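Okay, so here's the structure we're looking at.
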Amino acid sequence: MKKYLLTLILIAVYSFALSQSEGLTFQSSDTALQTAFIRAKEMALHYKGKPADPVGPWYESALPPRSAFCMRDVAHQSLAAEVLGMSRENKNMFTHFVSNISESKDWCSYWEINRLGNPAPEDYRNDTAFWYNLNANFDIMNACWKLYLWTGDETYVKNAAFKNFFNKSVNEYISSWVLEADSLLTRPAHPNASESFNIEDAFHRCRGLPSYSEGVPNIKMGIDLVAAIYRGLLSYAAMLRADGQAEKAELFEQKAKAYQQHIDKDWWDNEASLYNTYYSNNNQFGKTEGETFLLWFDALADSTRKQKTLQHLLANNWNVENLSYFPFIMYQNGYWQKAYNYMLHLTNPATKRREYPEVSYGVIKGFTEGLMGIEADARINRISTYYRNATADTCELNNVPVCGTMINLTHSGKKKSLLSNNGQKTITWRAVFQGSHKLIYINKKPLKATLGKDWLGNTFSFADVMVHPVQQAEAEVKAEFK
């Protein structure tokens, strides 16, 4: 009997180890969704760098022929990379970015670094001539905060090189590039131009682009940069608060607020019911790309304007880089069916440029944080889940590394969720369900639900439960009330 039990245990251990060796996996009764996941995962892992590359662990996050990673793409791809098992790659790449900030580059880093560990020659000639989008420092800062919340790895908030990057970015960088909230529309277009500045030289003209929209001539400011600064300062404030520096955190929260107010005060076009997206050296507002980042950085306070922005995004055609943000953005903002459609579209072999690295990582992010609704706060070891499927299909995401443990998550329709904690760390699971519920049944036992509302006014219900290592918990809701 003992031998039989030992055999069963060994089989179970082997099966668990085998499942983990597969990394992140997804199963669903929706075969189209399952196919989309398989395609996205395969494509994303295809871009993992070779172990012997001089730069160290990395993954492709730039135009593929360059064998490089750039700041914007890494900031966008990093959470998906984390759940795909590329934590070493993330830490190495972020360390390269934060370590290369310098006064000689006016507190920029290297926009793009290649597999050899050098600034990519396609974007860098020397410290006075290089391509750099000014959003980058704040995007990286926000990504570092999110990685810390997801992983609990304090490197991203406490390591000396990271802290130096953050401090220089919110102080000297803003000052050097004239990015104070009251200077955004009056700043010079090229505040750090050298004596040999040549407007025809892209490495001069684009040394400090005030937007991710690179095709706008004569641009002075992009709304996406304003949104990036806002979110970057809030992320920095959150780091300070977590470090016990409440007074300093409040100062940067107030600074961040000024940028958000600037967006609503100066950039809204009442006649078009849309935000302008850039301001030119001719002192004229205009519209092009950029709205996506208002949502990516969650920089909109007015719910009506936010809805109009979402609807405008959905009603128009965008390049694949912009679309790669849509699965996460649409799931987060209530457009679940639209998000689902984008996941299928972006993984369809017929979709042009779907091979661009941001695309597959954006879809994996859509699955993890969007569809399955996983959020993490490593400060309090809490993992939240909220199923955002427009149908009642069952979906299962396994081998998710989060908060220093590994979880499996199954959503059975909209009424039941099961979370397994396969690591060695106790976590708090916040099980969230759509709608108003008096009770949430945790392992069949009723628990009073707490109610909340999202920005759209939709009600949700949640309950917290401790899940110890190698244990699982079930959460279920039954009848709704009005």
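Just so we're on the same page: first chain in the structure tokens is A, next is B, and so on; residues restart at 1 for each chain, and ligands are numbered from 1 in the order they show up.
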
Residue neighbourhood stretch 172-187 of chain A, 7 Å, only C-alpha atoms, exclusion window fewer than 5 positions, as a PyMOL selection string: chain A and resi 106-107+221+258-259

Take the selection from the previous step and output its residues with N, CA and C atoms, as a tab-separated table (two decimals), in the first residue's frame.
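Final output, part14.tsv:
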```tsv
chain	number	residue	atom	x	y	z
A	106	ASP	N	22.08	64.56	-21.83
A	106	ASP	CA	21.00	65.36	-21.23
A	106	ASP	C	20.00	64.47	-20.50
A	107	TRP	N	20.55	63.48	-19.79
A	107	TRP	CA	19.80	62.57	-18.93
A	107	TRP	C	18.88	61.63	-19.70
A	221	MET	N	5.07	69.45	-28.90
A	221	MET	CA	4.63	68.63	-27.77
A	221	MET	C	3.57	67.63	-28.24
A	258	ALA	N	-0.88	68.12	-11.96
A	258	ALA	CA	-0.80	69.30	-12.83
A	258	ALA	C	-0.77	68.89	-14.30
A	259	TYR	N	-0.11	67.78	-14.61
A	259	TYR	CA	-0.06	67.31	-16.00
A	259	TYR	C	-1.42	66.79	-16.44
```

So that I can see what lies close to A:Asn133, please list as a count of residues only the residues with an atom at most 9 Å from it, counting only C-alpha atoms and leaving out residues fewer than 6 positions away in the same chain. 11

Quick one: pick out all helix (DSSP H, G or I) residues within stretch 272-477 of chain A from a backbone DSSP run and write them as an MDAnalysis selection string. chainID A and resid 291:296 303:314 320:323 326:332 336:346 357:371

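All residues of protein, DNA or RNA that reach within 9 Å of A:Arg88, judged by only C-alpha atoms and not counting those fewer than 4 positions away in the chain, are Pro57, Trp58, Glu82, Asn92 and Met93 of chain A.
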
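One finds atom CA of A:Ala202 at 22.3 Å from atom CA of A:Asn283.
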
Please provide the set of residues having any atom within 9 Å of A:Thr288, restricted to only C-alpha atoms, with same-chain residues fewer than 4 positions apart removed, written as a ChimeraX atom specification. /A:213,216,276-278

Given the selection you just returned, output its residues as a file containing C-alpha atoms, formatted as a PDB file, in the first residue's frame.
```
ATOM      1  CA  SER A 213       4.239  59.844 -32.944  1.00  0.00           C
ATOM      2  CA  VAL A 216       4.586  64.736 -37.246  1.00  0.00           C
ATOM      3  CA  ASN A 276      -5.863  66.994 -29.923  1.00  0.00           C
ATOM      4  CA  THR A 277      -2.750  64.872 -29.974  1.00  0.00           C
ATOM      5  CA  TYR A 278       0.080  67.264 -30.842  1.00  0.00           C
TER       6      TYR A 278
END
```

Find the nearest atom pair between each residue of stretch 13-97 of chain A and stretch 139-152 of chain A for residues within 7 Å, count only C-alpha atoms, give distances in Å to one decimal, sort rows by chain and ascending number, and present the table as a tab-separated table.
```
residue	atom	partner	partner_atom	distance
A:Met71	CA	A:Ile140	CA	6.8
A:Arg72	CA	A:Asp139	CA	6.7
A:Ala75	CA	A:Ala143	CA	5.3
A:Leu79	CA	A:Leu147	CA	6.7
```

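When only C-alpha atoms are used to measure the gap to A:Ser235, the shortest distance among A:Phe328, A:Phe297, A:Phe462, A:Phe285 belongs to A:Phe297.
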
For A:Asp243, the nearest of the candidates A:Leu45, A:Asn171, A:Lys445, A:Val157, counting only C-alpha atoms: A:Val157
